[in-house]
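Asks: Input work_9.txt, format and content: compact mmCIF, C-alpha atoms.
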```txt
# COMPACT_ATOMS: atom_id res chain seq x y z
CA MET A 1 8.82 -6.43 15.85
CA ARG A 2 6.09 -8.81 17.06
CA ALA A 3 8.56 -11.55 17.97
CA ALA A 4 10.34 -9.14 20.33
CA ALA A 5 7.31 -8.52 22.57
CA PRO A 6 7.80 -11.55 24.89
CA LEU A 7 11.45 -10.61 25.26
CA LEU A 8 10.41 -7.12 26.26
CA ASN A 9 8.20 -8.48 29.04
CA LEU A 10 10.96 -10.82 30.23
CA LEU A 11 13.58 -8.12 30.48
CA ARG A 12 11.37 -5.28 31.74
CA GLY A 13 12.98 -3.74 34.80
CA SER A 14 16.40 -5.33 34.15
CA GLY A 15 19.69 -3.48 33.91
CA ILE A 16 21.12 -1.40 31.09
CA GLY A 17 23.15 -4.33 29.73
CA LEU A 18 20.05 -6.38 29.11
CA LEU A 19 18.33 -3.32 27.65
CA LEU A 20 21.11 -3.00 25.07
CA ILE A 21 20.73 -6.68 24.22
CA LEU A 22 17.01 -6.13 23.77
CA LEU A 23 17.50 -3.16 21.47
CA SER A 24 19.93 -5.17 19.36
CA ALA A 25 17.51 -8.08 19.20
CA CYS A 26 14.64 -5.82 18.15
CA SER A 27 16.76 -4.38 15.36
CA GLN A 28 17.66 -7.83 14.09
CA VAL A 29 14.04 -8.98 14.22
CA HIS A 30 12.84 -6.01 12.21
CA SER A 31 15.67 -6.19 9.65
CA ALA A 32 14.47 -9.51 8.30
CA VAL A 33 16.14 -8.84 4.94
CA ASP A 34 19.25 -6.97 3.84
CA PRO A 35 18.44 -3.22 4.09
CA ASP A 36 20.48 -2.60 0.93
CA LEU A 37 17.93 -4.50 -1.15
CA PHE A 38 15.47 -1.63 -0.87
CA GLY A 39 18.06 0.99 -1.80
CA ARG A 40 19.21 -0.96 -4.86
CA LEU A 41 15.67 -1.57 -6.01
CA TRP A 42 14.61 2.05 -5.49
CA THR A 43 17.63 3.27 -7.46
CA ALA A 44 16.89 0.84 -10.30
CA TYR A 45 13.18 1.71 -10.19
CA ALA A 46 13.86 5.43 -10.45
CA LYS A 47 16.20 4.84 -13.39
CA SER A 48 13.74 2.59 -15.23
CA PHE A 49 10.36 4.12 -14.46
CA ILE A 50 10.76 7.79 -13.43
CA ASP A 51 11.64 10.41 -16.05
CA ALA A 52 13.50 13.68 -15.54
CA GLN A 53 10.25 15.58 -14.91
CA GLY A 54 9.22 13.39 -11.99
CA ARG A 55 6.66 11.32 -13.92
CA VAL A 56 6.40 7.61 -13.12
CA ILE A 57 5.80 5.69 -16.35
CA ASP A 58 4.26 2.23 -16.64
CA ARG A 59 5.90 1.18 -19.89
CA ALA A 60 3.88 -2.02 -20.27
CA TYR A 61 1.08 -0.02 -21.91
CA GLU A 62 1.11 1.56 -25.36
CA ASP A 63 -0.13 4.85 -23.92
CA GLN A 64 2.99 5.03 -21.69
CA ARG A 65 0.63 5.73 -18.84
CA THR A 66 1.12 7.41 -15.53
CA THR A 67 -1.35 6.78 -12.71
CA SER A 68 -1.97 8.71 -9.54
CA GLU A 69 -1.13 5.46 -7.73
CA ALA A 70 2.34 5.47 -9.28
CA GLN A 71 2.97 9.05 -8.22
CA ALA A 72 1.68 8.43 -4.69
CA TYR A 73 3.81 5.34 -4.16
CA ALA A 74 6.92 7.07 -5.50
CA LEU A 75 6.34 10.00 -3.14
CA PHE A 76 6.25 7.56 -0.23
CA PHE A 77 9.46 5.82 -1.32
CA ALA A 78 11.22 9.16 -1.80
CA LEU A 79 10.19 10.17 1.72
CA VAL A 80 11.41 6.99 3.42
CA SER A 81 14.64 7.34 1.40
CA ASN A 82 15.07 10.91 2.67
CA GLN A 83 15.21 12.40 -0.82
CA PRO A 84 13.44 15.77 -0.57
CA THR A 85 14.57 16.91 -4.03
CA VAL A 86 13.13 13.82 -5.70
CA PHE A 87 9.99 14.19 -3.58
CA ALA A 88 9.51 17.80 -4.66
CA LYS A 89 9.93 16.92 -8.34
CA LEU A 90 7.41 14.07 -8.13
CA LEU A 91 4.96 16.31 -6.33
CA GLN A 92 5.34 19.16 -8.79
CA TRP A 93 4.60 16.92 -11.77
CA THR A 94 1.60 15.44 -9.97
CA ARG A 95 0.22 18.81 -9.00
CA GLU A 96 0.62 20.35 -12.44
CA ASN A 97 -0.50 17.43 -14.61
CA LEU A 98 -2.98 15.42 -12.56
CA ALA A 99 -4.60 18.23 -10.57
CA ALA A 100 -4.34 21.27 -12.88
CA ASP A 101 -2.06 22.91 -10.29
CA GLU A 102 -4.86 22.73 -7.69
CA LEU A 103 -3.91 19.67 -5.66
CA GLY A 104 -5.76 19.79 -2.38
CA ALA A 105 -8.60 21.84 -3.79
CA ARG A 106 -9.21 19.02 -6.25
CA LEU A 107 -8.45 15.31 -6.43
CA PRO A 108 -5.82 14.18 -8.94
CA ALA A 109 -6.93 12.42 -12.11
CA TRP A 110 -6.04 8.75 -11.96
CA LEU A 111 -4.81 8.27 -15.54
CA TRP A 112 -2.48 10.37 -17.73
CA GLY A 113 -0.70 9.40 -20.94
CA LYS A 114 -0.83 9.40 -24.72
CA ARG A 115 -4.37 9.92 -25.93
CA ALA A 116 -5.93 8.29 -28.98
CA ASP A 117 -5.39 11.48 -31.02
CA GLY A 118 -1.65 11.45 -30.26
CA THR A 119 -1.70 14.27 -27.69
CA TRP A 120 -0.51 13.84 -24.12
CA GLY A 121 -2.54 14.60 -21.01
CA VAL A 122 -5.31 13.33 -18.73
CA ILE A 123 -7.01 10.27 -20.23
CA ASP A 124 -9.52 9.70 -17.42
CA PRO A 125 -10.31 12.52 -14.97
CA ASN A 126 -11.89 10.25 -12.37
CA SER A 127 -9.96 9.80 -9.13
CA ALA A 128 -8.44 6.71 -7.50
CA SER A 129 -8.90 6.98 -3.77
CA ASP A 130 -6.08 4.64 -2.78
CA ALA A 131 -3.63 6.96 -4.49
CA ASP A 132 -5.30 9.99 -2.94
CA LEU A 133 -5.13 8.44 0.53
CA TRP A 134 -1.47 7.44 0.25
CA MET A 135 -0.63 10.87 -1.14
CA ALA A 136 -2.39 12.73 1.68
CA TYR A 137 -0.80 10.50 4.32
CA THR A 138 2.67 10.87 2.79
CA LEU A 139 2.34 14.65 2.62
CA LEU A 140 1.33 14.81 6.28
CA GLN A 141 4.25 12.60 7.29
CA ALA A 142 6.66 14.56 5.09
CA GLY A 143 5.58 17.76 6.81
CA ARG A 144 6.26 16.18 10.20
CA LEU A 145 9.55 14.44 9.37
CA TRP A 146 11.04 17.24 7.27
CA HIS A 147 9.51 20.05 9.35
CA ASP A 148 7.90 21.56 6.27
CA GLU A 149 4.54 23.19 6.91
CA ARG A 150 3.82 23.42 3.18
CA TYR A 151 3.47 19.66 2.96
CA THR A 152 1.35 19.50 6.10
CA LYS A 153 -1.04 22.11 4.73
CA LEU A 154 -1.28 20.38 1.36
CA GLY A 155 -1.87 17.00 3.02
CA ARG A 156 -4.66 18.44 5.13
CA GLY A 157 -6.28 20.00 2.09
CA LEU A 158 -6.13 16.76 0.12
CA ALA A 159 -7.49 14.77 3.07
CA ALA A 160 -10.43 17.16 3.31
CA ALA A 161 -11.17 16.70 -0.40
CA ILE A 162 -11.05 12.91 -0.01
CA ALA A 163 -13.41 13.01 2.97
CA LEU A 164 -15.84 15.20 1.06
CA LYS A 165 -15.83 13.40 -2.30
CA GLU A 166 -14.74 9.79 -1.73
CA VAL A 167 -16.08 8.76 1.68
CA VAL A 168 -19.56 7.38 2.33
CA ASN A 169 -21.12 6.69 5.74
CA LEU A 170 -22.84 3.28 5.75
CA PRO A 171 -25.63 2.67 8.30
CA GLY A 172 -24.44 0.26 10.97
CA VAL A 173 -20.91 0.22 9.56
CA GLY A 174 -19.53 3.74 9.56
CA PRO A 175 -17.45 5.64 7.01
CA LEU A 176 -15.66 3.76 4.23
CA LEU A 177 -13.55 4.88 1.31
CA LEU A 178 -15.12 4.58 -2.13
CA PRO A 179 -12.62 3.55 -4.84
CA GLY A 180 -13.12 6.82 -6.67
CA ARG A 181 -15.14 9.98 -6.94
CA LYS A 182 -17.55 8.54 -9.53
CA GLY A 183 -18.85 5.15 -10.58
CA PHE A 184 -19.00 3.22 -7.30
CA GLY A 185 -22.47 4.03 -5.98
CA PRO A 186 -25.01 4.46 -4.88
CA ASP A 187 -26.87 2.64 -7.64
CA GLY A 188 -30.65 2.47 -7.97
CA SER A 189 -30.84 0.07 -5.01
CA GLY A 190 -28.59 2.15 -2.79
CA CYS A 191 -25.67 -0.26 -3.22
CA TYR A 192 -21.95 0.65 -3.22
CA THR A 193 -18.73 -1.00 -4.35
CA PHE A 194 -15.50 -0.98 -2.32
CA ASP A 195 -11.94 -2.22 -2.71
CA PRO A 196 -10.45 -3.50 0.59
CA SER A 197 -6.89 -2.91 -0.66
CA TYR A 198 -7.59 0.82 -0.88
CA MET A 199 -7.77 1.10 2.93
CA PRO A 200 -4.45 0.20 4.63
CA LEU A 201 -5.00 0.12 8.39
CA PRO A 202 -1.71 1.90 9.31
CA VAL A 203 -2.51 4.73 6.89
CA LEU A 204 -6.05 5.12 8.21
CA GLN A 205 -4.76 5.17 11.80
CA GLY A 206 -2.11 7.71 10.87
CA MET A 207 -4.67 9.94 9.21
CA GLY A 208 -6.93 9.59 12.21
CA HIS A 209 -4.14 10.44 14.63
CA VAL A 210 -3.61 13.75 12.84
CA LEU A 211 -7.13 14.58 11.66
CA GLY A 212 -9.63 12.51 13.66
CA ALA A 213 -12.88 11.69 11.84
CA PRO A 214 -13.67 10.07 9.48
CA TRP A 215 -10.37 8.21 9.48
CA THR A 216 -10.46 6.85 13.03
CA ASP A 217 -13.95 5.45 12.46
CA MET A 218 -12.88 3.97 9.13
CA ALA A 219 -9.92 2.24 10.78
CA HIS A 220 -12.32 0.81 13.35
CA ALA A 221 -14.66 -0.52 10.62
CA LEU A 222 -11.98 -2.10 8.42
CA PRO A 223 -11.33 -5.34 10.40
CA THR A 224 -15.06 -6.12 10.44
CA LEU A 225 -15.19 -5.58 6.69
CA LEU A 226 -12.30 -8.01 6.10
CA GLN A 227 -13.83 -10.64 8.36
CA SER A 228 -17.21 -10.30 6.63
CA VAL A 229 -15.92 -10.86 3.09
CA SER A 230 -13.21 -13.50 3.68
CA PRO A 231 -15.05 -16.74 4.58
CA HIS A 232 -12.13 -18.91 3.46
CA GLY A 233 -9.39 -16.57 4.65
CA PHE A 234 -8.90 -14.91 1.24
CA THR A 235 -9.93 -11.34 0.53
CA PRO A 236 -11.58 -10.25 -2.76
CA ASN A 237 -10.61 -7.42 -5.08
CA TRP A 238 -14.07 -5.88 -4.87
CA VAL A 239 -16.78 -5.89 -2.22
CA GLY A 240 -20.42 -4.89 -2.55
CA TRP A 241 -22.65 -3.41 0.12
CA CYS A 242 -26.42 -3.04 -0.10
CA PRO A 243 -28.85 -1.71 2.53
CA SER A 244 -30.87 -4.94 2.47
CA LYS A 245 -27.96 -7.43 2.50
CA GLY A 246 -24.90 -5.73 3.96
CA PHE A 247 -21.54 -6.84 2.57
CA GLY A 248 -21.37 -9.38 -0.24
CA PRO A 249 -19.98 -10.00 -3.72
CA ALA A 250 -19.57 -7.00 -6.00
CA GLU A 251 -21.00 -7.04 -9.52
CA ARG A 252 -17.57 -6.37 -11.00
CA SER A 253 -15.30 -9.40 -10.70
CA PRO A 254 -17.42 -11.07 -7.98
CA ASP A 255 -15.64 -13.25 -5.41
CA ARG A 256 -12.27 -12.88 -7.12
CA GLY A 257 -9.06 -12.02 -5.27
CA SER A 258 -6.04 -11.18 -7.38
CA TYR A 259 -3.90 -8.16 -8.29
CA ASP A 260 -5.73 -5.67 -6.07
CA ALA A 261 -6.35 -8.01 -3.16
CA ILE A 262 -2.71 -9.07 -2.81
CA ARG A 263 -2.05 -5.68 -1.20
CA VAL A 264 -4.41 -6.47 1.68
CA TYR A 265 -1.99 -9.15 2.92
CA LEU A 266 0.90 -6.72 2.46
CA TRP A 267 -0.77 -3.95 4.48
CA ALA A 268 -1.82 -6.39 7.23
CA GLY A 269 1.72 -7.71 7.51
CA MET A 270 3.10 -4.19 7.89
CA THR A 271 0.63 -3.30 10.66
CA PRO A 272 2.16 -3.26 14.17
CA ASP A 273 0.54 -5.78 16.49
CA ASP A 274 -0.28 -3.13 19.11
CA MET A 275 -2.35 -1.11 16.63
CA PRO A 276 -6.11 -1.45 17.25
CA GLY A 277 -7.60 -3.89 14.74
CA ALA A 278 -4.26 -5.44 13.72
CA GLN A 279 -4.91 -8.94 15.07
CA GLN A 280 -8.47 -9.07 13.71
CA SER A 281 -7.31 -7.97 10.26
CA ILE A 282 -4.52 -10.48 9.83
CA GLY A 283 -6.65 -13.14 11.51
CA ALA A 284 -9.19 -12.79 8.71
CA LEU A 285 -6.54 -13.67 6.10
CA TRP A 286 -5.60 -17.18 7.20
CA GLY A 287 -6.32 -18.77 3.83
CA MET A 288 -3.19 -17.54 2.06
CA ALA A 289 -0.80 -19.01 4.63
CA ASN A 290 -2.67 -22.31 4.54
CA TYR A 291 -2.41 -22.36 0.75
CA LEU A 292 1.35 -21.85 0.84
CA HIS A 293 1.81 -24.89 3.07
CA THR A 294 0.97 -27.03 0.06
CA HIS A 295 1.92 -24.74 -2.85
CA ALA A 296 5.28 -23.15 -3.61
CA VAL A 297 3.88 -20.00 -5.22
CA PRO A 298 0.90 -17.81 -4.26
CA PRO A 299 -2.08 -18.09 -6.64
CA VAL A 300 -2.73 -15.48 -9.27
CA SER A 301 -6.47 -15.67 -8.57
CA VAL A 302 -8.71 -17.03 -5.81
CA ASN A 303 -12.46 -17.61 -5.70
CA THR A 304 -12.99 -16.11 -2.26
CA ALA A 305 -16.45 -17.70 -1.91
CA THR A 306 -15.11 -21.25 -2.29
CA GLY A 307 -11.40 -20.93 -1.54
CA ASP A 308 -10.48 -22.43 -4.92
CA ALA A 309 -7.26 -20.98 -6.35
CA VAL A 310 -5.77 -21.06 -9.83
CA GLY A 311 -2.47 -20.15 -11.50
CA ASP A 312 0.86 -18.93 -10.18
CA GLY A 313 1.17 -15.32 -9.12
CA PRO A 314 4.02 -13.10 -10.35
CA VAL A 315 7.09 -12.31 -8.31
CA GLY A 316 5.40 -9.24 -6.84
CA PHE A 317 2.86 -11.49 -5.13
CA SER A 318 5.64 -13.39 -3.38
CA ALA A 319 7.18 -10.08 -2.30
CA ALA A 320 3.86 -8.73 -1.03
CA LEU A 321 3.38 -11.76 1.21
CA LEU A 322 6.74 -11.46 2.97
CA PRO A 323 5.60 -9.07 5.75
CA TYR A 324 2.40 -11.11 6.17
CA LEU A 325 4.30 -14.37 6.57
CA ARG A 326 6.87 -12.72 8.83
CA SER A 327 4.16 -11.36 11.12
CA LEU A 328 2.58 -14.83 11.38
CA GLY A 329 5.93 -16.31 12.37
CA THR A 330 5.87 -18.85 9.54
CA THR A 331 9.63 -18.88 9.03
CA SER A 332 9.77 -21.66 6.44
CA LEU A 333 7.10 -20.05 4.27
CA PHE A 334 8.80 -16.67 4.59
CA LYS A 335 12.13 -18.12 3.43
CA GLN A 336 10.44 -19.93 0.56
CA GLN A 337 8.91 -16.73 -0.85
CA LEU A 338 12.11 -14.76 -0.21
CA GLU A 339 14.06 -17.31 -2.23
CA ILE A 340 11.59 -16.90 -5.09
CA ILE A 341 12.13 -13.17 -5.33
CA GLU A 342 15.89 -13.51 -4.87
CA ARG A 343 16.03 -15.90 -7.84
CA SER A 344 14.13 -13.37 -9.95
CA ARG A 345 16.42 -10.41 -9.17
CA GLN A 346 18.15 -8.99 -12.23
CA ALA A 347 21.63 -7.53 -12.27
CA ASP A 348 20.24 -3.99 -12.18
CA GLY A 349 18.25 -4.70 -8.99
CA LEU A 350 14.78 -5.05 -10.54
CA TYR A 351 12.68 -8.19 -10.04
CA GLY A 352 11.14 -10.44 -12.69
CA ARG A 353 11.69 -11.02 -16.39
CA PRO A 354 10.36 -8.73 -17.66
CA ALA A 355 10.40 -6.38 -14.68
CA HIS A 356 6.86 -5.05 -14.42
CA TYR A 357 6.02 -1.76 -12.74
CA TYR A 358 3.52 -3.22 -10.27
CA ASP A 359 5.81 -6.02 -9.07
CA GLN A 360 8.53 -3.50 -8.26
CA ASN A 361 6.15 -1.42 -6.14
CA LEU A 362 5.02 -4.41 -4.11
CA ALA A 363 8.66 -5.39 -3.59
CA LEU A 364 9.63 -1.84 -2.57
CA PHE A 365 6.97 -1.75 0.14
CA ALA A 366 7.92 -5.20 1.44
CA LEU A 367 11.71 -4.89 1.31
CA GLY A 368 11.68 -1.37 2.77
CA TYR A 369 9.59 -2.53 5.70
CA LEU A 370 11.49 -5.77 6.32
CA GLY A 371 14.84 -4.06 5.88
CA GLY A 372 14.05 -1.57 8.65
CA ILE A 373 13.94 1.41 6.28
CA TYR A 374 10.55 2.36 7.66
CA ARG A 375 7.77 1.12 9.92
CA PHE A 376 4.54 2.41 11.48
CA ASP A 377 3.98 2.95 15.17
CA SER A 378 0.74 2.05 16.95
CA LYS A 379 -0.78 5.45 16.07
CA GLY A 380 0.08 5.17 12.41
CA ASN A 381 3.01 7.60 12.50
CA LEU A 382 5.74 6.80 9.99
CA GLU A 383 9.11 5.93 11.53
CA VAL A 384 12.17 6.00 9.27
CA ASN A 385 15.71 4.76 9.78
CA TRP A 386 17.30 8.11 8.92
CA ARG A 387 15.84 9.62 12.08
```
When written as structure tokens, how does the structure in this file appear?
Replies:
Amino acid sequence: MRAAAPLLNLLRGSGIGLLLILLSACSQVHSAVDPDLFGRLWTAYAKSFIDAQGRVIDRAYEDQRTTSEAQAYALFFALVSNQPTVFAKLLQWTRENLAADELGARLPAWLWGKRADGTWGVIDPNSASDADLWMAYTLLQAGRLWHDERYTKLGRGLAAAIALKEVVNLPGVGPLLLPGRKGFGPDGSGCYTFDPSYMPLPVLQGMGHVLGAPWTDMAHALPTLLQSVSPHGFTPNWVGWCPSKGFGPAERSPDRGSYDAIRVYLWAGMTPDDMPGAQQSIGALWGMANYLHTHAVPPVSVNTATGDAVGDGPVGFSAALLPYLRSLGTTSLFKQQLEIIERSRQADGLYGRPAHYYDQNLALFALGYLGGIYRFDSKGNLEVNWR
């Protein structure tokens, strides 16, 4: 929608005929890809990765694992597809198996699957805050869009649990989301570890619009975080913060941007330009677009301290960069990455050979947004094409 803003100023105050032209132009700008691509992919994804109980299965692992991330993403896709029955089934499985039927009062476990002794259940009870955040946001939006107070109440309860157990208030920075309930600080020196991809700006703004603090303050702090840790325009998977040094490399995978970080570009590209912090966030990520001017495929890994990149990323990386490239107005680069994912599409609608779980999720977010299935307004409210 960013390309339509000058047209809006030009035609402001004109007659109804020009207004209709404007509305048509806005629709065409937002539907940068065929809207049917999302529907075909979501149908194929549900057939390949979601079982009859509502469990999303990552079949690339021997433990046939399910993560809270998988359940949260699927809930979001079911909502934007206007599938309340699928949504309810996904939520029921999540509530019963990842949260011991106490979702909201407790955070869901991040990992479920086949244990070493052959039994099935929770493998790791720790939480994953990105999944928790997406789940809370999606529940709040489902309550609003479907006029179902049960979802609103559950979303509020989960948001309160996240704020209590996964948010830390850093001096001089403000509140930020820890990657999980345990294991990310503080250590003996008072240092913490964060994952920038766990904090999508539209989701934080949407949470803040409904609930206020700490989400509004977190949304305000996020652009500064991205600018601080992206000296060459690439964002890392993990970020450290210490009282004596501020932001810097994290001990785990220092200065490396890869499978987690690719989502930062995706979230920035999906952020409306009139949302506070949008321009600063995407402005911090200039390195990826520069790289693609001389390379056909995004890198699988980047040293964010030097800007050195290695390898070719999977098809999901190309998909994740589509909204980012579209928002920057780099038409040739956008078409180049779109052609890559189109060449990788299988007959059943999935992408890649083999079609990995994570690649499909990145593609679902990107194609749904670019196909006009959903978008975010400046306050972070979810807007869907079926309303």
Asks: For a test of reading the model, state the distance in Å between atom CA of A:Gly313 and atom CA of A:Phe376, rounded to one decimal.
Replies: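 Going from atom CA of A:Gly313 over to atom CA of A:Phe376, I get 27.4 Å.
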Asks: Pick out the residues sitting within 9 Å of stretch 74-81 of chain A, and hand them over as a PyMOL selection string; count only C-alpha atoms, and ignore anything fewer than 6 positions along from it in its own chain.
Replies: chain A and resi 39+42+46+50+56+87-88+90-91+134-135+137-139+141-142+145+361+364-365+368+373-374+382-386
Asks: Counting only C-alpha atoms, which residue out of A:Gly54, A:Gly248, A:Gly269, A:Gly352 sits closest to A:Gly329?
Replies: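 Checking each of A:Gly54, A:Gly248, A:Gly269, A:Gly352 against A:Gly329, counting only C-alpha atoms, the winner is A:Gly269.
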Asks: Neighbourhood query: residues within 9 Å of (-7.4, -7.8, 12.0), file coordinates, counting all atoms listed in the file; return as a list of chain:residue names.
Replies: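 Every polymer residue passing the test: A:Leu222, A:Pro223, A:Thr224, A:Leu226, A:Gln227, A:Ala268, A:Pro276, A:Gly277, A:Ala278, A:Gln279, A:Gln280, A:Ser281, A:Ile282, A:Gly283, A:Ala284, A:Leu285.
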Asks: If you measure from atom CA of A:Lys379 to atom CA of A:Leu321, what distance in Å do you get, rounded to one decimal?
Replies: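 Separation of atom CA of A:Lys379 and atom CA of A:Leu321: 23.1 Å.
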Asks: Can you work out the spacing between atom CA of A:Gly212 and atom CA of A:Ala136 in Å, to one decimal?
Replies: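 Computing the Euclidean distance for atom CA of A:Gly212 and atom CA of A:Ala136 yields 14.0 Å.
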Asks: Determine, counting all atoms listed in the file, every residue of protein, DNA or RNA that lies within 12 Å of (-1.4, 22.6, 5.4) in the file coordinates, then give the result as a list in words.
Replies: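 Protein, DNA and RNA residues close to (-1.4, 22.6, 5.4): Leu103, Gly104, Ala105, Ala136, Leu139, Leu140, Gln141, Ala142, Gly143, Arg144, His147, Asp148, Glu149, Arg150, Tyr151, Thr152, Lys153, Leu154, Gly155, Arg156, Gly157, Leu158, Ala159, Ala160, Val210 and Leu211 of chain A.
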Asks: Using all atoms listed in the file, which residue out of A:Pro179, A:Pro314, A:Pro231, A:Gly188 lies closest to A:Pro243?
Replies: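 Among A:Pro179, A:Pro314, A:Pro231, A:Gly188, it is A:Gly188 that comes nearest to A:Pro243.
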Asks: Can I get a file of stretch 40-80 of chain A from the given structure, C-alpha atoms kept, as a PDB file, in the first residue's frame?
Replies:
```pdb
ATOM      1  CA  ARG A  40      -3.648 -23.380  -2.613  1.00  0.00           C
ATOM      2  CA  LEU A  41      -0.640 -23.407  -0.334  1.00  0.00           C
ATOM      3  CA  TRP A  42      -2.728 -23.356   2.852  1.00  0.00           C
ATOM      4  CA  THR A  43      -4.837 -26.258   1.572  1.00  0.00           C
ATOM      5  CA  ALA A  44      -1.723 -28.257   0.678  1.00  0.00           C
ATOM      6  CA  TYR A  45      -0.073 -27.344   3.980  1.00  0.00           C
ATOM      7  CA  ALA A  46      -3.065 -28.501   6.005  1.00  0.00           C
ATOM      8  CA  LYS A  47      -3.144 -31.783   4.077  1.00  0.00           C
ATOM      9  CA  SER A  48       0.585 -32.420   4.501  1.00  0.00           C
ATOM     10  CA  PHE A  49       1.346 -31.101   7.970  1.00  0.00           C
ATOM     11  CA  ILE A  50      -1.856 -30.960  10.075  1.00  0.00           C
ATOM     12  CA  ASP A  51      -3.422 -34.184  11.360  1.00  0.00           C
ATOM     13  CA  ALA A  52      -7.072 -34.841  12.153  1.00  0.00           C
ATOM     14  CA  GLN A  53      -6.606 -33.767  15.787  1.00  0.00           C
ATOM     15  CA  GLY A  54      -5.354 -30.296  14.875  1.00  0.00           C
ATOM     16  CA  ARG A  55      -1.667 -31.033  15.498  1.00  0.00           C
ATOM     17  CA  VAL A  56       0.886 -29.478  13.137  1.00  0.00           C
ATOM     18  CA  ILE A  57       3.677 -31.984  12.504  1.00  0.00           C
ATOM     19  CA  ASP A  58       7.192 -31.170  11.337  1.00  0.00           C
ATOM     20  CA  ARG A  59       7.974 -34.459   9.635  1.00  0.00           C
ATOM     21  CA  ALA A  60      11.634 -33.647   8.996  1.00  0.00           C
ATOM     22  CA  TYR A  61      12.486 -34.850  12.515  1.00  0.00           C
ATOM     23  CA  GLU A  62      12.455 -38.422  13.782  1.00  0.00           C
ATOM     24  CA  ASP A  63      10.410 -37.386  16.813  1.00  0.00           C
ATOM     25  CA  GLN A  64       7.622 -36.143  14.487  1.00  0.00           C
ATOM     26  CA  ARG A  65       7.671 -32.973  16.507  1.00  0.00           C
ATOM     27  CA  THR A  66       5.093 -30.311  17.064  1.00  0.00           C
ATOM     28  CA  THR A  67       6.163 -26.868  18.265  1.00  0.00           C
ATOM     29  CA  SER A  68       4.142 -24.096  19.815  1.00  0.00           C
ATOM     30  CA  GLU A  69       5.353 -21.966  16.887  1.00  0.00           C
ATOM     31  CA  ALA A  70       3.691 -24.354  14.439  1.00  0.00           C
ATOM     32  CA  GLN A  71       0.401 -24.232  16.315  1.00  0.00           C
ATOM     33  CA  ALA A  72       0.503 -20.429  16.618  1.00  0.00           C
ATOM     34  CA  TYR A  73       1.208 -19.883  12.931  1.00  0.00           C
ATOM     35  CA  ALA A  74      -1.523 -22.319  11.900  1.00  0.00           C
ATOM     36  CA  LEU A  75      -4.021 -20.514  14.134  1.00  0.00           C
ATOM     37  CA  PHE A  76      -3.165 -17.261  12.372  1.00  0.00           C
ATOM     38  CA  PHE A  77      -3.566 -18.802   8.899  1.00  0.00           C
ATOM     39  CA  ALA A  78      -6.888 -20.380   9.884  1.00  0.00           C
ATOM     40  CA  LEU A  79      -8.108 -16.986  11.093  1.00  0.00           C
ATOM     41  CA  VAL A  80      -7.150 -15.078   7.942  1.00  0.00           C
TER      42      VAL A  80
END
```
